[in-house]
file model.txt (compact mmCIF, C-alpha atoms and all ligand atoms)
# COMPACT_ATOMS: atom_id res chain seq x y z
CA MET A 257 3.36 16.69 -83.54
CA LEU A 258 0.98 18.12 -80.99
CA ILE A 259 2.51 19.61 -77.85
CA ASN A 260 0.14 18.81 -75.02
CA LEU A 261 0.93 20.16 -71.57
CA ILE A 262 -2.57 19.78 -70.14
CA GLY A 263 -2.37 18.83 -66.48
CA LYS A 264 1.16 20.20 -66.08
CA ASN A 265 2.03 23.10 -63.76
CA ALA A 266 4.75 25.50 -64.84
CA LEU A 267 6.58 28.08 -62.74
CA VAL A 268 8.13 30.78 -64.92
CA GLY A 269 10.63 33.35 -63.62
CA GLY A 270 10.83 36.93 -64.92
CA SER A 271 7.60 36.58 -66.87
CA SER A 272 5.93 39.99 -66.82
CA ARG A 273 7.61 40.89 -70.12
CA GLY A 274 10.23 39.81 -72.65
CA ILE A 275 11.43 36.23 -72.96
CA GLY A 276 9.70 35.03 -69.77
CA LEU A 277 6.37 36.34 -71.00
CA GLY A 278 6.91 34.69 -74.40
CA ILE A 279 7.51 31.40 -72.58
CA ALA A 280 4.51 31.78 -70.27
CA LYS A 281 2.16 32.50 -73.17
CA GLN A 282 3.31 29.47 -75.15
CA LEU A 283 3.15 27.09 -72.17
CA ALA A 284 -0.41 28.28 -71.51
CA GLN A 285 -1.29 27.84 -75.19
CA SER A 286 -0.03 24.27 -74.94
CA GLY A 287 -2.39 23.62 -72.02
CA ALA A 288 -0.19 24.11 -68.93
CA SER A 289 -1.25 25.99 -65.82
CA VAL A 290 1.26 28.79 -65.39
CA THR A 291 2.52 30.63 -62.32
CA LEU A 292 4.25 33.88 -63.27
CA MET A 293 6.97 35.57 -61.21
CA ALA A 294 8.16 39.19 -61.33
CA ARG A 295 8.12 42.37 -59.23
CA ARG A 296 5.33 44.43 -60.81
CA GLU A 297 2.00 43.13 -59.53
CA GLU A 298 -0.25 45.17 -61.83
CA GLN A 299 1.43 43.69 -64.91
CA LEU A 300 1.26 40.18 -63.49
CA ARG A 301 -2.44 40.52 -62.71
CA GLU A 302 -3.21 41.65 -66.25
CA ILE A 303 -1.15 38.88 -67.83
CA VAL A 304 -2.74 36.14 -65.73
CA ALA A 305 -6.14 37.35 -66.90
CA SER A 306 -5.02 37.26 -70.54
CA LEU A 307 -3.33 33.84 -70.65
CA GLU A 308 -5.00 31.02 -72.60
CA THR A 309 -7.47 28.95 -70.58
CA SER A 310 -8.99 26.66 -73.20
CA SER A 311 -8.48 23.56 -71.02
CA PRO A 312 -10.80 23.39 -67.99
CA GLU A 313 -7.85 22.23 -65.86
CA GLN A 314 -5.91 25.44 -66.47
CA ASN A 315 -5.46 27.72 -63.50
CA HIS A 316 -2.94 30.55 -63.83
CA GLN A 317 -1.55 32.53 -60.92
CA TYR A 318 1.34 34.82 -60.05
CA LEU A 319 3.92 35.43 -57.34
CA VAL A 320 5.27 38.90 -56.63
CA VAL A 321 8.98 38.30 -55.96
CA ASP A 322 12.24 40.17 -56.09
CA PHE A 323 15.27 38.01 -56.96
CA ASN A 324 17.45 40.59 -55.21
CA ASP A 325 15.79 39.96 -51.85
CA TYR A 326 16.85 36.35 -51.24
CA LYS A 327 15.43 36.04 -47.73
CA LYS A 328 11.96 37.14 -48.77
CA TYR A 329 12.19 35.18 -52.02
CA LYS A 330 12.92 31.99 -50.07
CA ALA A 331 9.94 32.51 -47.78
CA ILE A 332 7.54 33.18 -50.67
CA LEU A 333 8.74 30.19 -52.65
CA LYS A 334 8.60 27.83 -49.67
CA GLY A 335 4.99 28.87 -49.12
CA TYR A 336 4.19 28.39 -52.80
CA PHE A 337 5.73 24.90 -52.99
CA ALA A 338 3.91 23.85 -49.82
CA ALA A 339 0.59 24.45 -51.59
CA ASN A 340 1.43 23.75 -55.25
CA THR A 341 3.28 21.25 -57.38
CA VAL A 342 5.60 22.23 -60.20
CA ASP A 343 6.21 19.93 -63.18
CA ILE A 344 7.97 22.45 -65.39
CA LEU A 345 10.41 24.95 -63.89
CA ILE A 346 11.68 27.81 -66.04
CA ASN A 347 14.66 29.45 -64.37
CA ASN A 348 14.65 32.95 -65.84
CA THR A 349 16.09 35.76 -63.75
CA GLN A 350 16.87 39.38 -64.49
CA GLY A 351 20.00 39.95 -66.56
CA PRO A 352 23.18 41.31 -64.92
CA LYS A 353 24.50 44.83 -65.31
CA ALA A 354 26.74 45.44 -68.29
CA GLY A 355 30.48 45.98 -68.04
CA THR A 356 33.98 44.62 -68.65
CA PRO A 357 36.19 42.80 -66.09
CA LEU A 358 38.08 45.95 -65.14
CA GLU A 359 34.90 47.97 -64.71
CA MET A 360 33.44 45.55 -62.15
CA GLU A 361 33.80 45.68 -58.38
CA VAL A 362 34.20 42.32 -56.65
CA GLU A 363 30.81 42.96 -55.00
CA ASP A 364 29.18 43.03 -58.45
CA TYR A 365 30.10 39.36 -58.96
CA GLN A 366 28.60 38.44 -55.60
CA GLN A 367 25.41 40.33 -56.38
CA ALA A 368 25.06 38.67 -59.80
CA PHE A 369 25.76 35.27 -58.25
CA ASP A 370 23.08 35.79 -55.59
CA THR A 371 20.47 36.89 -58.12
CA MET A 372 21.23 34.62 -61.05
CA PHE A 373 22.59 31.48 -59.39
CA LYS A 374 21.48 31.27 -55.77
CA THR A 375 17.77 31.85 -56.49
CA VAL A 376 17.93 29.34 -59.34
CA ALA A 377 19.62 26.61 -57.26
CA PHE A 378 17.19 27.19 -54.39
CA THR A 379 14.03 27.08 -56.53
CA THR A 380 15.28 24.02 -58.37
CA GLN A 381 15.91 22.11 -55.14
CA LEU A 382 12.33 22.68 -54.07
CA ALA A 383 11.02 21.65 -57.48
CA VAL A 384 13.21 18.56 -57.77
CA GLU A 385 11.96 17.20 -54.43
CA GLN A 386 8.44 17.13 -55.88
CA MET A 387 9.50 15.96 -59.33
CA LYS A 388 11.41 13.00 -57.89
CA ALA A 389 8.31 11.87 -56.02
CA ARG A 390 6.29 11.99 -59.25
CA LYS A 391 9.10 10.65 -61.46
CA TRP A 392 8.67 13.39 -64.04
CA GLY A 393 10.01 16.89 -64.43
CA ARG A 394 11.44 19.55 -66.70
CA ILE A 395 14.01 22.14 -65.63
CA ILE A 396 14.82 24.70 -68.28
CA ASN A 397 17.38 27.44 -67.68
CA VAL A 398 17.38 30.67 -69.65
CA THR A 399 21.09 31.41 -70.12
CA SER A 400 23.11 33.07 -72.85
CA VAL A 401 25.33 32.46 -75.87
CA SER A 402 27.96 34.07 -73.62
CA VAL A 403 28.71 30.67 -72.08
CA LYS A 404 30.18 29.53 -75.41
CA GLU A 405 31.49 32.82 -76.74
CA PRO A 406 31.94 35.42 -73.98
CA LEU A 407 30.56 38.88 -74.77
CA SER A 408 33.14 41.64 -74.24
CA TYR A 409 30.73 44.01 -72.47
CA LEU A 410 28.89 41.46 -70.28
CA VAL A 411 31.48 39.85 -68.02
CA LEU A 412 28.92 39.09 -65.29
CA SER A 413 26.87 37.11 -67.78
CA ASN A 414 29.98 35.31 -69.08
CA THR A 415 30.91 34.31 -65.53
CA ILE A 416 27.67 33.50 -63.75
CA ARG A 417 25.84 31.92 -66.72
CA ALA A 418 28.78 29.56 -67.13
CA ALA A 419 28.29 28.51 -63.50
CA VAL A 420 24.59 27.88 -64.10
CA VAL A 421 25.29 25.78 -67.18
CA ALA A 422 27.94 23.67 -65.42
CA TRP A 423 25.65 23.20 -62.41
CA ALA A 424 22.76 22.15 -64.67
CA LYS A 425 24.93 19.54 -66.37
CA SER A 426 25.73 17.99 -62.99
CA LEU A 427 22.06 18.18 -62.04
CA ALA A 428 20.98 16.48 -65.28
CA THR A 429 23.21 13.54 -64.41
CA GLU A 430 21.85 13.29 -60.88
CA VAL A 431 18.12 13.53 -61.61
CA GLY A 432 17.93 11.73 -64.96
CA SER A 433 16.94 8.38 -63.47
CA TYR A 434 13.74 10.01 -62.17
CA GLN A 435 12.81 10.99 -65.74
CA ILE A 436 13.58 14.59 -64.90
CA THR A 437 15.45 16.52 -67.57
CA ALA A 438 17.55 19.66 -67.06
CA ASN A 439 18.54 21.72 -70.08
CA ASN A 440 20.04 25.14 -70.79
CA ILE A 441 18.98 27.48 -73.55
CA LEU A 442 21.75 29.70 -74.87
CA THR A 443 20.00 32.92 -75.79
CA GLY A 444 21.09 35.11 -78.70
CA TYR A 445 19.69 38.60 -79.37
CA PHE A 446 15.98 38.87 -78.56
CA ASP A 447 13.85 41.92 -79.10
CA THR A 448 13.03 42.82 -75.49
CA GLU A 449 13.21 45.81 -73.15
CA ARG A 450 16.48 44.50 -71.72
CA LEU A 451 18.12 44.49 -75.12
CA LYS A 452 16.86 48.03 -75.74
CA GLU A 453 18.30 49.17 -72.38
CA LEU A 454 21.68 47.52 -73.09
CA ASN A 455 21.79 49.08 -76.56
CA GLN A 456 20.99 52.51 -75.14
CA LYS A 457 23.91 52.24 -72.71
CA LYS A 458 26.25 51.11 -75.47
CA ALA A 459 25.12 54.00 -77.67
CA GLU A 460 25.80 56.51 -74.88
CA GLN A 461 29.24 54.99 -74.26
CA HIS A 462 30.27 55.14 -77.91
CA GLN A 463 28.37 58.38 -78.58
CA ILE A 464 26.40 56.92 -81.46
CA GLU A 465 22.68 56.45 -82.13
CA THR A 466 20.89 53.49 -80.49
CA SER A 467 19.63 52.50 -83.95
CA GLU A 468 23.25 52.11 -85.10
CA VAL A 469 24.02 49.75 -82.20
CA ARG A 470 20.89 47.74 -83.07
CA ASP A 471 21.78 47.62 -86.78
CA ASN A 472 25.32 46.41 -86.02
CA MET A 473 23.93 43.75 -83.73
CA ILE A 474 21.48 42.53 -86.36
CA ASP A 475 24.21 42.52 -88.98
CA ASN A 476 26.14 39.96 -86.88
CA VAL A 477 23.22 37.52 -86.96
CA PRO A 478 23.14 35.29 -90.07
CA LEU A 479 19.32 35.54 -90.13
CA LYS A 480 19.62 39.36 -90.13
CA ARG A 481 17.02 39.96 -87.45
CA LEU A 482 16.43 39.74 -83.70
CA GLY A 483 14.62 36.81 -82.15
CA LYS A 484 10.98 37.16 -81.08
CA PRO A 485 9.91 36.15 -77.55
CA GLU A 486 7.22 33.87 -79.01
CA GLU A 487 9.92 31.93 -80.90
CA TYR A 488 11.61 31.36 -77.56
CA GLY A 489 8.29 30.09 -76.22
CA TYR A 490 8.06 27.47 -79.00
CA LEU A 491 11.42 25.98 -78.04
CA VAL A 492 10.57 25.92 -74.34
CA ALA A 493 7.16 24.32 -74.93
CA PHE A 494 8.87 21.58 -76.91
CA LEU A 495 11.55 20.99 -74.25
CA ALA A 496 8.79 20.85 -71.64
CA SER A 497 6.81 18.27 -73.58
CA GLU A 498 6.74 14.49 -73.53
CA GLN A 499 8.29 14.49 -77.02
CA ALA A 500 11.51 15.99 -75.59
CA ALA A 501 11.90 13.28 -72.92
CA TYR A 502 15.31 12.14 -74.24
CA ILE A 503 16.90 15.60 -74.35
CA ASN A 504 18.85 16.01 -71.12
CA GLY A 505 21.90 17.99 -70.01
CA ALA A 506 21.94 19.85 -73.32
CA ASN A 507 22.96 23.42 -74.15
CA ILE A 508 20.68 24.52 -76.94
CA PRO A 509 21.34 27.82 -78.72
CA ILE A 510 18.46 29.91 -80.04
CA ASP A 511 20.36 32.68 -81.79
CA GLY A 512 19.62 32.86 -85.51
CA GLY A 513 23.08 31.39 -86.14
CA LEU A 514 24.95 34.05 -84.09
CA LEU A 515 27.38 31.62 -82.42
CA LYS A 516 30.36 31.07 -84.67
CA SER A 517 31.73 28.03 -82.86
CA LEU A 518 30.60 24.42 -83.40
N1 LIG B 601 17.05 39.74 -74.63
C1 LIG B 601 18.19 39.20 -75.00
O1 LIG B 601 18.64 39.42 -76.12
C2 LIG B 601 18.95 38.28 -74.07
C3 LIG B 601 20.14 37.70 -74.52
C4 LIG B 601 20.83 36.83 -73.67
C5 LIG B 601 20.35 36.56 -72.39
N2 LIG B 601 19.18 37.15 -71.99
C6 LIG B 601 18.73 36.87 -70.63
O2 LIG B 601 17.41 36.38 -70.65
C7 LIG B 601 16.74 36.80 -69.44
C8 LIG B 601 15.45 37.50 -69.81
O3 LIG B 601 15.77 38.60 -70.61
P1 LIG B 601 14.70 39.61 -71.21
O4 LIG B 601 15.37 40.23 -72.36
O5 LIG B 601 13.40 38.95 -71.36
O6 LIG B 601 14.64 40.69 -70.01
P2 LIG B 601 13.53 41.78 -69.68
O7 LIG B 601 12.80 42.19 -70.90
O8 LIG B 601 14.26 42.83 -68.92
O9 LIG B 601 12.54 41.02 -68.70
C9 LIG B 601 12.98 40.66 -67.43
C10 LIG B 601 11.85 40.06 -66.63
O10 LIG B 601 12.33 39.75 -65.32
C11 LIG B 601 11.60 40.48 -64.32
N3 LIG B 601 12.56 40.93 -63.32
C12 LIG B 601 13.57 41.81 -63.50
N4 LIG B 601 14.22 41.98 -62.34
C13 LIG B 601 13.63 41.21 -61.43
C14 LIG B 601 13.84 40.97 -60.04
N5 LIG B 601 14.81 41.59 -59.36
N6 LIG B 601 13.02 40.11 -59.40
C15 LIG B 601 12.02 39.49 -60.06
N7 LIG B 601 11.77 39.66 -61.36
C16 LIG B 601 12.56 40.51 -62.04
C17 LIG B 601 10.95 41.64 -65.07
O11 LIG B 601 9.73 42.06 -64.50
P3 LIG B 601 9.62 43.14 -63.31
O12 LIG B 601 10.38 44.33 -63.79
O13 LIG B 601 8.16 43.35 -63.16
O14 LIG B 601 10.23 42.51 -62.10
C18 LIG B 601 10.67 40.99 -66.42
O15 LIG B 601 9.49 40.25 -66.37
C19 LIG B 601 17.73 37.71 -68.70
O16 LIG B 601 18.39 36.97 -67.73
C20 LIG B 601 18.69 38.14 -69.79
O17 LIG B 601 19.96 38.48 -69.29
C21 LIG B 601 18.48 38.00 -72.78
call {"tool": "encode", "arguments": {"input": "model.txt", "output": "structure tokens", "more": "lines below"}}
Ligand SMILES: NC(=O)c1ccc[n+]([C@@H]2O[C@H](COP(=O)([O-])OP(=O)(O)OC[C@H]3O[C@@H](n4cnc5c(N)ncnc54)[C@H](OP(=O)(O)O)[C@@H]3O)[C@@H](O)[C@H]2O)c1
result
Amino acid sequence: MLINLIGKNALVGGSSRGIGLGIAKQLAQSGASVTLMARREEQLREIVASLETSSPEQNHQYLVVDFNDYKKYKAILKGYFAANTVDILINNTQGPKAGTPLEMEVEDYQQAFDTMFKTVAFTTQLAVEQMKARKWGRIINVTSVSVKEPLSYLVLSNTIRAAVVAWAKSLATEVGSYQITANNILTGYFDTERLKELNQKKAEQHQIETSEVRDNMIDNVPLKRLGKPEEYGYLVAFLASEQAAYINGANIPIDGGLLKSL
């Protein structure tokens, strides 16, 4: 099976490092033109220059955005969609701050909702308008295993990701007749800066070494290792392809077997 995304334009959130970067690289390797989004322009510029361009149609670009500044984000995205078409939308935002229900202020939920839901719903509406006109589209949401098995220390993820997944299911029903698919990926433990930062915080809280937190985490995964961002990219490239045209409204875990439930 050859994944061929030549001629397709992909917009990838949070793609200056980690999972988003793994996705962007693989989409470019499969022939898509990729637009990256993140805050750090220097990183974005370097990545755009390094992405695969073996197809003459490929033209990569970037948008400097901050998901926390909704007003500005809206203006930038409106401008981008006025001049570009998006066939493949990867909704990947920053992760929420860690904490349990009793540690959170009510404002924390609002902030996480604005960053992780509002920006996603807004961007998707712009993309769907175009996809409907062309009768083809792929919407892929980076979410978490927390929607199936809530994580004790990440209540904001448990709450807001669940909203994204439920919203995407409704969306999949509504846009399916236009041959647009909407799917959620339920992310397990991936070896990224975010995971390192979360592990550091946990280590400080429990007054243990970060390596011990990491080892315990790995021990919970049947495959006994963390996921690699490029492995994430393989799944996304497949879901974005023609071959995945009949996968819609699905929640697909990529977690090395971490989820215990069916
Ligand atoms: N890694 C895991 O094990 C894991 C597990 C479950 C779920 N997830 C979720 O998967 C997503 C990606 O995780 P990751 O591990 O790849 O995270 P990461 O390594 O921290 O990367 C986050 C990316 O988002 C960008 N970003 C962060 N804040 C932003 C903002 N306010 N506006 C625009 N861009 C922003 C960052 O670039 P700039 O700093 O340049 O903006 C970076 O490119 C997150 O939502 C995370 O919660 C991850």
call {"tool": "atom_distance", "arguments": {"input": "model.txt", "atom1": "atom O15 of ligand LIG 601 (chain B)", "atom2": "CA of Arg295 in chain A"}}
result
7.6 Å
call {"tool": "closest_residue", "arguments": {"input": "model.txt", "among": "A:Asn455, A:Ser408, A:Gln350, A:Gly505", "to": "Gly432 in chain A", "atoms": "only C-alpha atoms"}}
result
A:Gly505
call {"tool": "residues_around", "arguments": {"input": "model.txt", "residues": "range 411-426 of chain A", "least_positions_apart": "2", "cutoff": "8 Å", "atoms": "only C-alpha atoms", "output": "PyMOL selection string"}}
result
chain A and resi 351-357+364-365+368-369+372-373+399-400+402-403+406-409+428-430+438-440+505-507
call {"tool": "atom_distance", "arguments": {"input": "model.txt", "atom1": "atom C15 of ligand LIG 601 (chain B)", "atom2": "CA of Leu319 in chain A"}}
result
9.5 Å
call {"tool": "residues_near_ligand", "arguments": {"input": "model.txt", "ligand": "ligand LIG 601 (chain B)", "cutoff": "8 Å", "atoms": "all atoms listed in the file", "output": "MDAnalysis selection string"}}
result
chainID A and resid 269:277 293:297 299:300 320:325 348:352 371:372 398:402 413 442:451 482:483 485
call {"tool": "residues_around", "arguments": {"input": "model.txt", "residues": "Phe337 in chain A", "least_positions_apart": "3", "cutoff": "9 Å", "atoms": "all atoms listed in the file", "output": "VMD selection string"}}
result
chain A and resid 332 to 334 340 to 342 382 to 383 386
call {"tool": "atom_distance", "arguments": {"input": "model.txt", "atom1": "CA of Ala284 in chain A", "atom2": "CA of Leu261 in chain A"}}
result
8.2 Å
call {"tool": "residues_around", "arguments": {"input": "model.txt", "residues": "Val304 in chain A", "least_positions_apart": "2", "cutoff": "8 Å", "atoms": "only C-alpha atoms", "output": "list in words"}}
result
Leu292, Leu300, Arg301, Glu302, Ser306, Leu307, His316, Gln317 and Tyr318 of chain A
call {"tool": "closest_residue", "arguments": {"input": "model.txt", "among": "A:Val492, A:Val431, A:Ala305, A:Leu518", "to": "Asn504 in chain A", "atoms": "all atoms listed in the file"}}
result
A:Val431
call {"tool": "closest_residue", "arguments": {"input": "model.txt", "among": "A:Glu486, A:Leu495, A:Ile503, A:Glu453", "to": "Arg470 in chain A", "atoms": "all atoms listed in the file"}}
result
A:Glu453
call {"tool": "build_atoms", "arguments": {"input": "model.txt", "residues": "range 331-342 of chain A", "atoms": "N, CA and C atoms", "output": "tab-separated table (two decimals), in the frame of the given file"}}
result
chain	number	residue	atom	x	y	z
A	331	ALA	N	11.17	32.69	-48.55
A	331	ALA	CA	9.94	32.51	-47.78
A	331	ALA	C	8.73	32.37	-48.72
A	332	ILE	N	8.68	33.22	-49.74
A	332	ILE	CA	7.54	33.18	-50.67
A	332	ILE	C	7.52	31.85	-51.42
A	333	LEU	N	8.68	31.43	-51.86
A	333	LEU	CA	8.74	30.19	-52.65
A	333	LEU	C	8.44	28.96	-51.80
A	334	LYS	N	8.91	28.97	-50.56
A	334	LYS	CA	8.60	27.83	-49.67
A	334	LYS	C	7.10	27.72	-49.49
A	335	GLY	N	6.45	28.85	-49.27
A	335	GLY	CA	4.99	28.87	-49.12
A	335	GLY	C	4.30	28.37	-50.38
A	336	TYR	N	4.81	28.80	-51.53
A	336	TYR	CA	4.19	28.39	-52.80
A	336	TYR	C	4.32	26.87	-53.00
A	337	PHE	N	5.52	26.33	-52.77
A	337	PHE	CA	5.73	24.90	-52.99
A	337	PHE	C	4.97	24.04	-51.97
A	338	ALA	N	4.68	24.61	-50.81
A	338	ALA	CA	3.91	23.85	-49.82
A	338	ALA	C	2.47	23.63	-50.30
A	339	ALA	N	1.99	24.52	-51.16
A	339	ALA	CA	0.59	24.45	-51.59
A	339	ALA	C	0.42	24.07	-53.06
A	340	ASN	N	1.52	24.00	-53.80
A	340	ASN	CA	1.43	23.75	-55.25
A	340	ASN	C	2.50	22.75	-55.68
A	341	THR	N	2.23	22.08	-56.80
A	341	THR	CA	3.28	21.25	-57.38
A	341	THR	C	3.76	21.89	-58.68
A	342	VAL	N	5.02	21.67	-58.97
A	342	VAL	CA	5.60	22.23	-60.20
A	342	VAL	C	6.18	21.07	-61.03
